[in-house]
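**Student:** One file: query_8.txt (compact mmCIF, C-alpha atoms).
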# COMPACT_ATOMS: atom_id res chain seq x y z
CA MET A 1 86.36 78.73 96.32
CA ALA A 2 85.18 79.46 92.80
CA TYR A 3 82.51 77.23 91.31
CA ILE A 4 84.63 76.54 88.21
CA GLN A 5 88.37 76.04 87.69
CA LEU A 6 89.88 79.56 87.69
CA ASP A 7 93.40 80.88 88.19
CA GLU A 8 93.61 81.15 91.98
CA ASN A 9 96.18 83.95 91.66
CA LEU A 10 93.67 86.23 89.93
CA PRO A 11 90.75 87.59 91.94
CA GLY A 12 87.25 88.61 90.88
CA LEU A 13 86.60 89.62 87.32
CA LEU A 14 90.29 89.28 86.48
CA SER A 15 90.08 85.50 86.83
CA LEU A 16 86.99 85.34 84.64
CA LEU A 17 88.52 87.49 81.92
CA GLU A 18 91.55 85.22 81.88
CA TYR A 19 89.35 82.12 81.81
CA ARG A 20 87.64 83.05 78.51
CA HIS A 21 89.55 85.45 76.32
CA ASP A 22 86.83 85.40 73.67
CA THR A 23 84.22 86.81 76.06
CA ALA A 24 86.80 88.96 77.85
CA LYS A 25 87.60 91.00 74.75
CA PRO A 26 84.18 92.69 74.33
CA ILE A 27 83.79 93.15 78.10
CA ARG A 28 87.19 94.85 78.33
CA GLU A 29 86.57 97.01 75.26
CA LEU A 30 83.15 98.19 76.44
CA THR A 31 84.46 98.91 79.93
CA GLN A 32 87.43 100.81 78.50
CA PHE A 33 85.20 102.87 76.23
CA LEU A 34 82.62 103.70 78.91
CA LEU A 35 84.99 104.42 81.80
CA ARG A 36 88.06 105.81 80.03
CA GLY A 37 86.85 106.91 76.60
CA PRO A 38 85.79 110.40 75.56
CA SER A 39 83.08 111.76 77.83
CA SER A 40 81.87 114.95 79.43
CA LEU A 41 81.75 112.95 82.67
CA SER A 42 85.10 112.68 84.40
CA GLU A 43 86.75 109.32 84.96
CA GLY A 44 86.09 109.75 88.67
CA GLU A 45 82.38 110.38 88.07
CA ARG A 46 82.11 107.30 85.87
CA GLU A 47 83.92 105.21 88.49
CA LEU A 48 81.43 106.50 91.09
CA ILE A 49 78.62 105.10 88.96
CA ALA A 50 80.38 101.72 88.80
CA ALA A 51 81.08 101.78 92.54
CA LEU A 52 77.51 102.71 93.47
CA VAL A 53 75.94 100.00 91.31
CA SER A 54 78.43 97.40 92.59
CA TYR A 55 77.76 98.44 96.18
CA LYS A 56 74.00 98.18 95.71
CA ASN A 57 74.49 94.75 94.10
CA GLN A 58 76.59 93.75 97.14
CA CYS A 59 79.52 92.70 94.92
CA LYS A 60 82.46 93.14 97.28
CA PHE A 61 85.18 92.74 94.63
CA CYS A 62 83.71 95.29 92.21
CA THR A 63 82.72 97.69 94.99
CA ALA A 64 86.24 97.73 96.42
CA SER A 65 87.84 97.96 92.96
CA HIS A 66 85.76 100.84 91.65
CA THR A 67 85.72 102.69 94.97
CA ALA A 68 89.53 102.62 94.94
CA LEU A 69 89.52 103.92 91.35
CA ALA A 70 86.99 106.65 92.13
CA ASP A 71 89.06 107.70 95.16
CA LEU A 72 92.19 107.83 93.02
CA PHE A 73 90.62 109.87 90.22
CA LEU A 74 88.81 112.20 92.63
CA GLY A 75 91.95 112.62 94.75
CA GLU A 76 90.13 111.85 98.00
CA PRO A 77 88.36 108.93 99.72
CA PHE A 78 85.32 110.67 101.15
CA THR A 79 82.95 111.11 98.22
CA ALA A 80 82.68 107.45 97.23
CA ALA A 81 82.29 106.32 100.85
CA GLU A 82 79.59 108.87 101.60
CA MET A 83 77.80 108.32 98.27
CA LYS A 84 77.29 104.63 99.03
CA HIS A 85 75.70 105.42 102.39
CA ASN A 86 73.76 108.59 101.65
CA LEU A 87 73.36 109.67 98.05
CA LYS A 88 71.00 112.47 99.08
CA THR A 89 73.54 114.34 101.23
CA VAL A 90 76.94 113.55 99.70
CA LEU A 91 78.72 116.72 98.56
CA ILE A 92 78.50 116.39 94.77
CA ASP A 93 76.94 118.54 92.09
CA GLU A 94 73.25 118.05 91.41
CA LYS A 95 73.76 116.76 87.87
CA LEU A 96 75.96 113.93 89.13
CA ARG A 97 73.50 113.21 91.95
CA ALA A 98 70.66 112.90 89.41
CA LEU A 99 72.76 110.59 87.21
CA LEU A 100 73.71 108.44 90.20
CA GLN A 101 70.03 108.22 91.12
CA ILE A 102 69.31 106.95 87.60
CA ALA A 103 72.12 104.40 87.96
CA ALA A 104 70.60 103.23 91.26
CA LEU A 105 67.24 102.77 89.55
CA VAL A 106 68.83 100.77 86.73
CA GLN A 107 70.58 98.59 89.31
CA GLN A 108 67.19 97.66 90.78
CA ASN A 109 65.47 97.11 87.45
CA GLY A 110 65.70 99.06 84.22
CA GLN A 111 61.96 99.55 84.28
CA ASN A 112 62.32 101.54 87.50
CA VAL A 113 63.82 104.45 85.56
CA THR A 114 61.09 107.05 85.24
CA ASN A 115 60.50 110.04 83.05
CA GLU A 116 60.70 112.09 86.23
CA ALA A 117 64.24 110.81 86.98
CA ILE A 118 65.32 111.58 83.40
CA GLU A 119 63.76 115.05 83.46
CA LYS A 120 65.43 115.78 86.81
CA ALA A 121 68.84 114.89 85.32
CA LYS A 122 68.17 117.03 82.25
CA ALA A 123 67.04 119.93 84.44
CA GLU A 124 70.39 119.67 86.26
CA GLY A 125 72.24 119.87 82.94
CA ALA A 126 72.72 116.22 81.99
CA THR A 127 72.89 115.59 78.27
CA ASP A 128 71.23 112.70 76.47
CA ILE A 129 74.63 111.05 75.98
CA GLU A 130 75.44 111.37 79.71
CA ILE A 131 72.09 109.77 80.56
CA HIS A 132 72.68 107.06 77.97
CA ASP A 133 76.16 106.31 79.26
CA THR A 134 74.99 106.29 82.89
CA VAL A 135 72.35 103.68 82.06
CA LEU A 136 74.87 101.63 80.08
CA ILE A 137 77.54 101.80 82.82
CA ALA A 138 74.94 100.77 85.40
CA SER A 139 73.81 97.90 83.17
CA LEU A 140 77.36 96.74 82.45
CA PHE A 141 78.27 96.72 86.12
CA SER A 142 75.11 94.91 87.12
CA MET A 143 76.16 92.21 84.65
CA CYS A 144 79.77 92.17 85.85
CA ASN A 145 78.67 92.01 89.49
CA ARG A 146 76.49 89.01 88.76
CA TYR A 147 79.28 87.39 86.73
CA VAL A 148 81.81 87.79 89.56
CA ASP A 149 79.47 86.66 92.33
CA GLY A 150 77.60 84.06 90.27
CA LEU A 151 80.83 82.08 89.89
CA ASN A 152 81.98 82.79 93.47
CA THR A 153 85.32 84.29 92.48
CA PHE A 154 88.04 85.03 95.02
CA THR A 155 87.73 88.44 96.69
CA PRO A 156 90.83 89.80 98.44
CA SER A 157 90.13 91.44 101.79
CA GLN A 158 93.20 93.72 101.94
CA PRO A 159 92.49 97.36 100.97
CA ALA A 160 96.09 97.66 99.74
CA PHE A 161 95.32 95.16 96.96
CA TYR A 162 92.58 97.43 95.59
CA ARG A 163 94.70 100.58 95.87
CA GLU A 164 97.50 98.89 93.91
CA MET A 165 95.07 97.59 91.30
CA ALA A 166 93.51 101.07 90.99
CA GLU A 167 96.90 102.64 90.32
CA LYS A 168 97.58 100.09 87.59
CA LEU A 169 94.12 100.42 85.98
CA ALA A 170 94.34 104.21 86.10
CA THR A 171 97.42 104.11 83.90
CA THR A 172 96.85 101.02 81.75
CA GLY A 173 93.07 101.12 81.44
CA TYR A 174 90.72 98.19 81.05
CA ALA A 175 91.53 97.01 77.53
Would you put the structure from the file into structure tokens?

**Tutor:**
Amino acid sequence: MAYIQLDENLPGLLSLLEYRHDTAKPIRELTQFLLRGPSSLSEGERELIAALVSYKNQCKFCTASHTALADLFLGEPFTAAEMKHNLKTVLIDEKLRALLQIAALVQQNGQNVTNEAIEKAKAEGATDIEIHDTVLIASLFSMCNRYVDGLNTFTPSQPAFYREMAEKLATTGYA
């Protein structure tokens, strides 16, 4: 049960965004811009960043939500599942692997990001804007994970819920 009075029909972040529309607006707009706006990273790649950070933060709602979205955008369920368990061996390109490694460092603590990690990403072809956006996505999702779990929001257990939500978010976006 949530720690504050939330709409029991809305799970996770959805209940919190409905609870305070004034704080929801900038969260929705930033999420929309980072995950659906113009980018050289695909929507699936950006959802992988959100899923990885959420998984490492042990936020079940956000992990399930963004894994379902990554699966939908990538057209398969294997990459996101493998990435969460073994980032070193998952079959992805080396630029994305380097960016995901940066996201994992941000999730731990922003000060864990090293010049070496940045240079590795650049050597694999990552641009400054891709590095910037990776750090910002990782930061945003660390905040959202703490927001969802810090208020003990309802987390559905049925995978079908997340697949349905992913289909809706893929077409309507976050804003």

**Student:** Given only C-alpha atoms as the basis, pick out the residue of A:Gln32, A:Thr172, A:Ser157, A:Asn152 nearest to Met1 in chain A.

**Tutor:** A:Asn152

**Student:** Mind checking which residues fall within 10 Å of Ser15 in chain A, counting only C-alpha atoms, ignoring those fewer than 4 positions away in the same chain, and posting them as a list of chain:residue names?

**Tutor:**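 The filter keeps A:Ala2, A:Gln5, A:Leu6, A:Asp7, A:Glu8, A:Asn9, A:Leu10, A:Pro11, A:Tyr19, A:Arg20, A:Val148, A:Thr153, A:Phe154.
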
**Student:** What's the separation between CA of Ala98 in chain A and CA of Glu43 in chain A, in Å to one decimal place?

**Tutor:**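 Atom-to-atom, CA of Ala98 in chain A and CA of Glu43 in chain A are spaced 17.1 Å apart.
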
**Student:** Got a sec to check which residues sit within 10 Å of (82.2, 100.4, 94.5), counting all atoms listed in the file, and write them as a CSV table (one decimal) with C-alpha atoms, keeping the file's coordinate frame?

**Tutor:**
chain,number,residue,atom,x,y,z
A,47,GLU,CA,83.9,105.2,88.5
A,48,LEU,CA,81.4,106.5,91.1
A,49,ILE,CA,78.6,105.1,89.0
A,50,ALA,CA,80.4,101.7,88.8
A,51,ALA,CA,81.1,101.8,92.5
A,52,LEU,CA,77.5,102.7,93.5
A,53,VAL,CA,75.9,100.0,91.3
A,54,SER,CA,78.4,97.4,92.6
A,55,TYR,CA,77.8,98.4,96.2
A,56,LYS,CA,74.0,98.2,95.7
A,57,ASN,CA,74.5,94.8,94.1
A,58,GLN,CA,76.6,93.8,97.1
A,59,CYS,CA,79.5,92.7,94.9
A,60,LYS,CA,82.5,93.1,97.3
A,61,PHE,CA,85.2,92.7,94.6
A,62,CYS,CA,83.7,95.3,92.2
A,63,THR,CA,82.7,97.7,95.0
A,64,ALA,CA,86.2,97.7,96.4
A,65,SER,CA,87.8,98.0,93.0
A,66,HIS,CA,85.8,100.8,91.6
A,67,THR,CA,85.7,102.7,95.0
A,68,ALA,CA,89.5,102.6,94.9
A,69,LEU,CA,89.5,103.9,91.4
A,70,ALA,CA,87.0,106.6,92.1
A,80,ALA,CA,82.7,107.4,97.2
A,81,ALA,CA,82.3,106.3,100.8
A,83,MET,CA,77.8,108.3,98.3
A,84,LYS,CA,77.3,104.6,99.0
A,141,PHE,CA,78.3,96.7,86.1

**Student:** Would you list the residues near (71.5, 108.3, 87.0), meaning any protein, DNA or RNA residue with an atom at most 10 Å from that point in file coordinates, counting all atoms listed in the file, as a list in words?

**Tutor:**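 Protein and nucleic acid residues near the point are Ile49, Lys95, Leu96, Arg97, Ala98, Leu99, Leu100, Gln101, Ile102, Ala103, Ala104, Leu105, Val106, Val113, Ala117, Ile118, Lys120, Ala121, Ala126, Glu130, Ile131, His132, Asp133, Thr134, Val135, Ile137 and Ala138 of chain A.
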
**Student:** Keeping only C-alpha atoms, take the residues you just selected and write them out as a PDB file, in the coordinates of the input.

**Tutor:**
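Output file again_31.pdb follows:
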ATOM      1  CA  ILE A  49      78.620 105.100  88.960  1.00  0.00           C
ATOM      2  CA  LYS A  95      73.760 116.760  87.870  1.00  0.00           C
ATOM      3  CA  LEU A  96      75.960 113.930  89.130  1.00  0.00           C
ATOM      4  CA  ARG A  97      73.500 113.210  91.950  1.00  0.00           C
ATOM      5  CA  ALA A  98      70.660 112.900  89.410  1.00  0.00           C
ATOM      6  CA  LEU A  99      72.760 110.590  87.210  1.00  0.00           C
ATOM      7  CA  LEU A 100      73.710 108.440  90.200  1.00  0.00           C
ATOM      8  CA  GLN A 101      70.030 108.220  91.120  1.00  0.00           C
ATOM      9  CA  ILE A 102      69.310 106.950  87.600  1.00  0.00           C
ATOM     10  CA  ALA A 103      72.120 104.400  87.960  1.00  0.00           C
ATOM     11  CA  ALA A 104      70.600 103.230  91.260  1.00  0.00           C
ATOM     12  CA  LEU A 105      67.240 102.770  89.550  1.00  0.00           C
ATOM     13  CA  VAL A 106      68.830 100.770  86.730  1.00  0.00           C
ATOM     14  CA  VAL A 113      63.820 104.450  85.560  1.00  0.00           C
ATOM     15  CA  ALA A 117      64.240 110.810  86.980  1.00  0.00           C
ATOM     16  CA  ILE A 118      65.320 111.580  83.400  1.00  0.00           C
ATOM     17  CA  LYS A 120      65.430 115.780  86.810  1.00  0.00           C
ATOM     18  CA  ALA A 121      68.840 114.890  85.320  1.00  0.00           C
ATOM     19  CA  ALA A 126      72.720 116.220  81.990  1.00  0.00           C
ATOM     20  CA  GLU A 130      75.440 111.370  79.710  1.00  0.00           C
ATOM     21  CA  ILE A 131      72.090 109.770  80.560  1.00  0.00           C
ATOM     22  CA  HIS A 132      72.680 107.060  77.970  1.00  0.00           C
ATOM     23  CA  ASP A 133      76.160 106.310  79.260  1.00  0.00           C
ATOM     24  CA  THR A 134      74.990 106.290  82.890  1.00  0.00           C
ATOM     25  CA  VAL A 135      72.350 103.680  82.060  1.00  0.00           C
ATOM     26  CA  ILE A 137      77.540 101.800  82.820  1.00  0.00           C
ATOM     27  CA  ALA A 138      74.940 100.770  85.400  1.00  0.00           C
TER      28      ALA A 138
END

**Student:** What's around Tyr147 in chain A at 8 Å? Count all atoms listed in the file, leave out sequence neighbours fewer than 4 positions away in its own chain, and write the answer as a count of residues only.

**Tutor:** 3

**Student:** Quick one: everything within 12 Å of Leu30 in chain A, counting only C-alpha atoms, minus sequence neighbours fewer than 2 positions away in the same chain. Send it as number ranges by chain.

**Tutor:** A: 23-28, 32-37, 133, 136-137, 139-141, 144, 173-175

**Student:** For C-alpha atoms, I'd like the residues from the last selection saved as a short mmCIF file (atom, residue, chain, number, x, y, z; two decimals), in the frame of the given file.

**Tutor:**
data_model
loop_
_atom_site.label_atom_id
_atom_site.label_comp_id
_atom_site.auth_asym_id
_atom_site.auth_seq_id
_atom_site.Cartn_x
_atom_site.Cartn_y
_atom_site.Cartn_z
CA THR A 23 84.22 86.81 76.06
CA ALA A 24 86.80 88.96 77.85
CA LYS A 25 87.60 91.00 74.75
CA PRO A 26 84.18 92.69 74.33
CA ILE A 27 83.79 93.15 78.10
CA ARG A 28 87.19 94.85 78.33
CA GLN A 32 87.43 100.81 78.50
CA PHE A 33 85.20 102.87 76.23
CA LEU A 34 82.62 103.70 78.91
CA LEU A 35 84.99 104.42 81.80
CA ARG A 36 88.06 105.81 80.03
CA GLY A 37 86.85 106.91 76.60
CA ASP A 133 76.16 106.31 79.26
CA LEU A 136 74.87 101.63 80.08
CA ILE A 137 77.54 101.80 82.82
CA SER A 139 73.81 97.90 83.17
CA LEU A 140 77.36 96.74 82.45
CA PHE A 141 78.27 96.72 86.12
CA CYS A 144 79.77 92.17 85.85
CA GLY A 173 93.07 101.12 81.44
CA TYR A 174 90.72 98.19 81.05
CA ALA A 175 91.53 97.01 77.53
#

**Student:** Measure the distance from CA of Phe78 in chain A to CA of Pro159 in chain A in Å and round it to one decimal.

**Tutor:**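 Here the two named atoms are 15.1 Å from each other.
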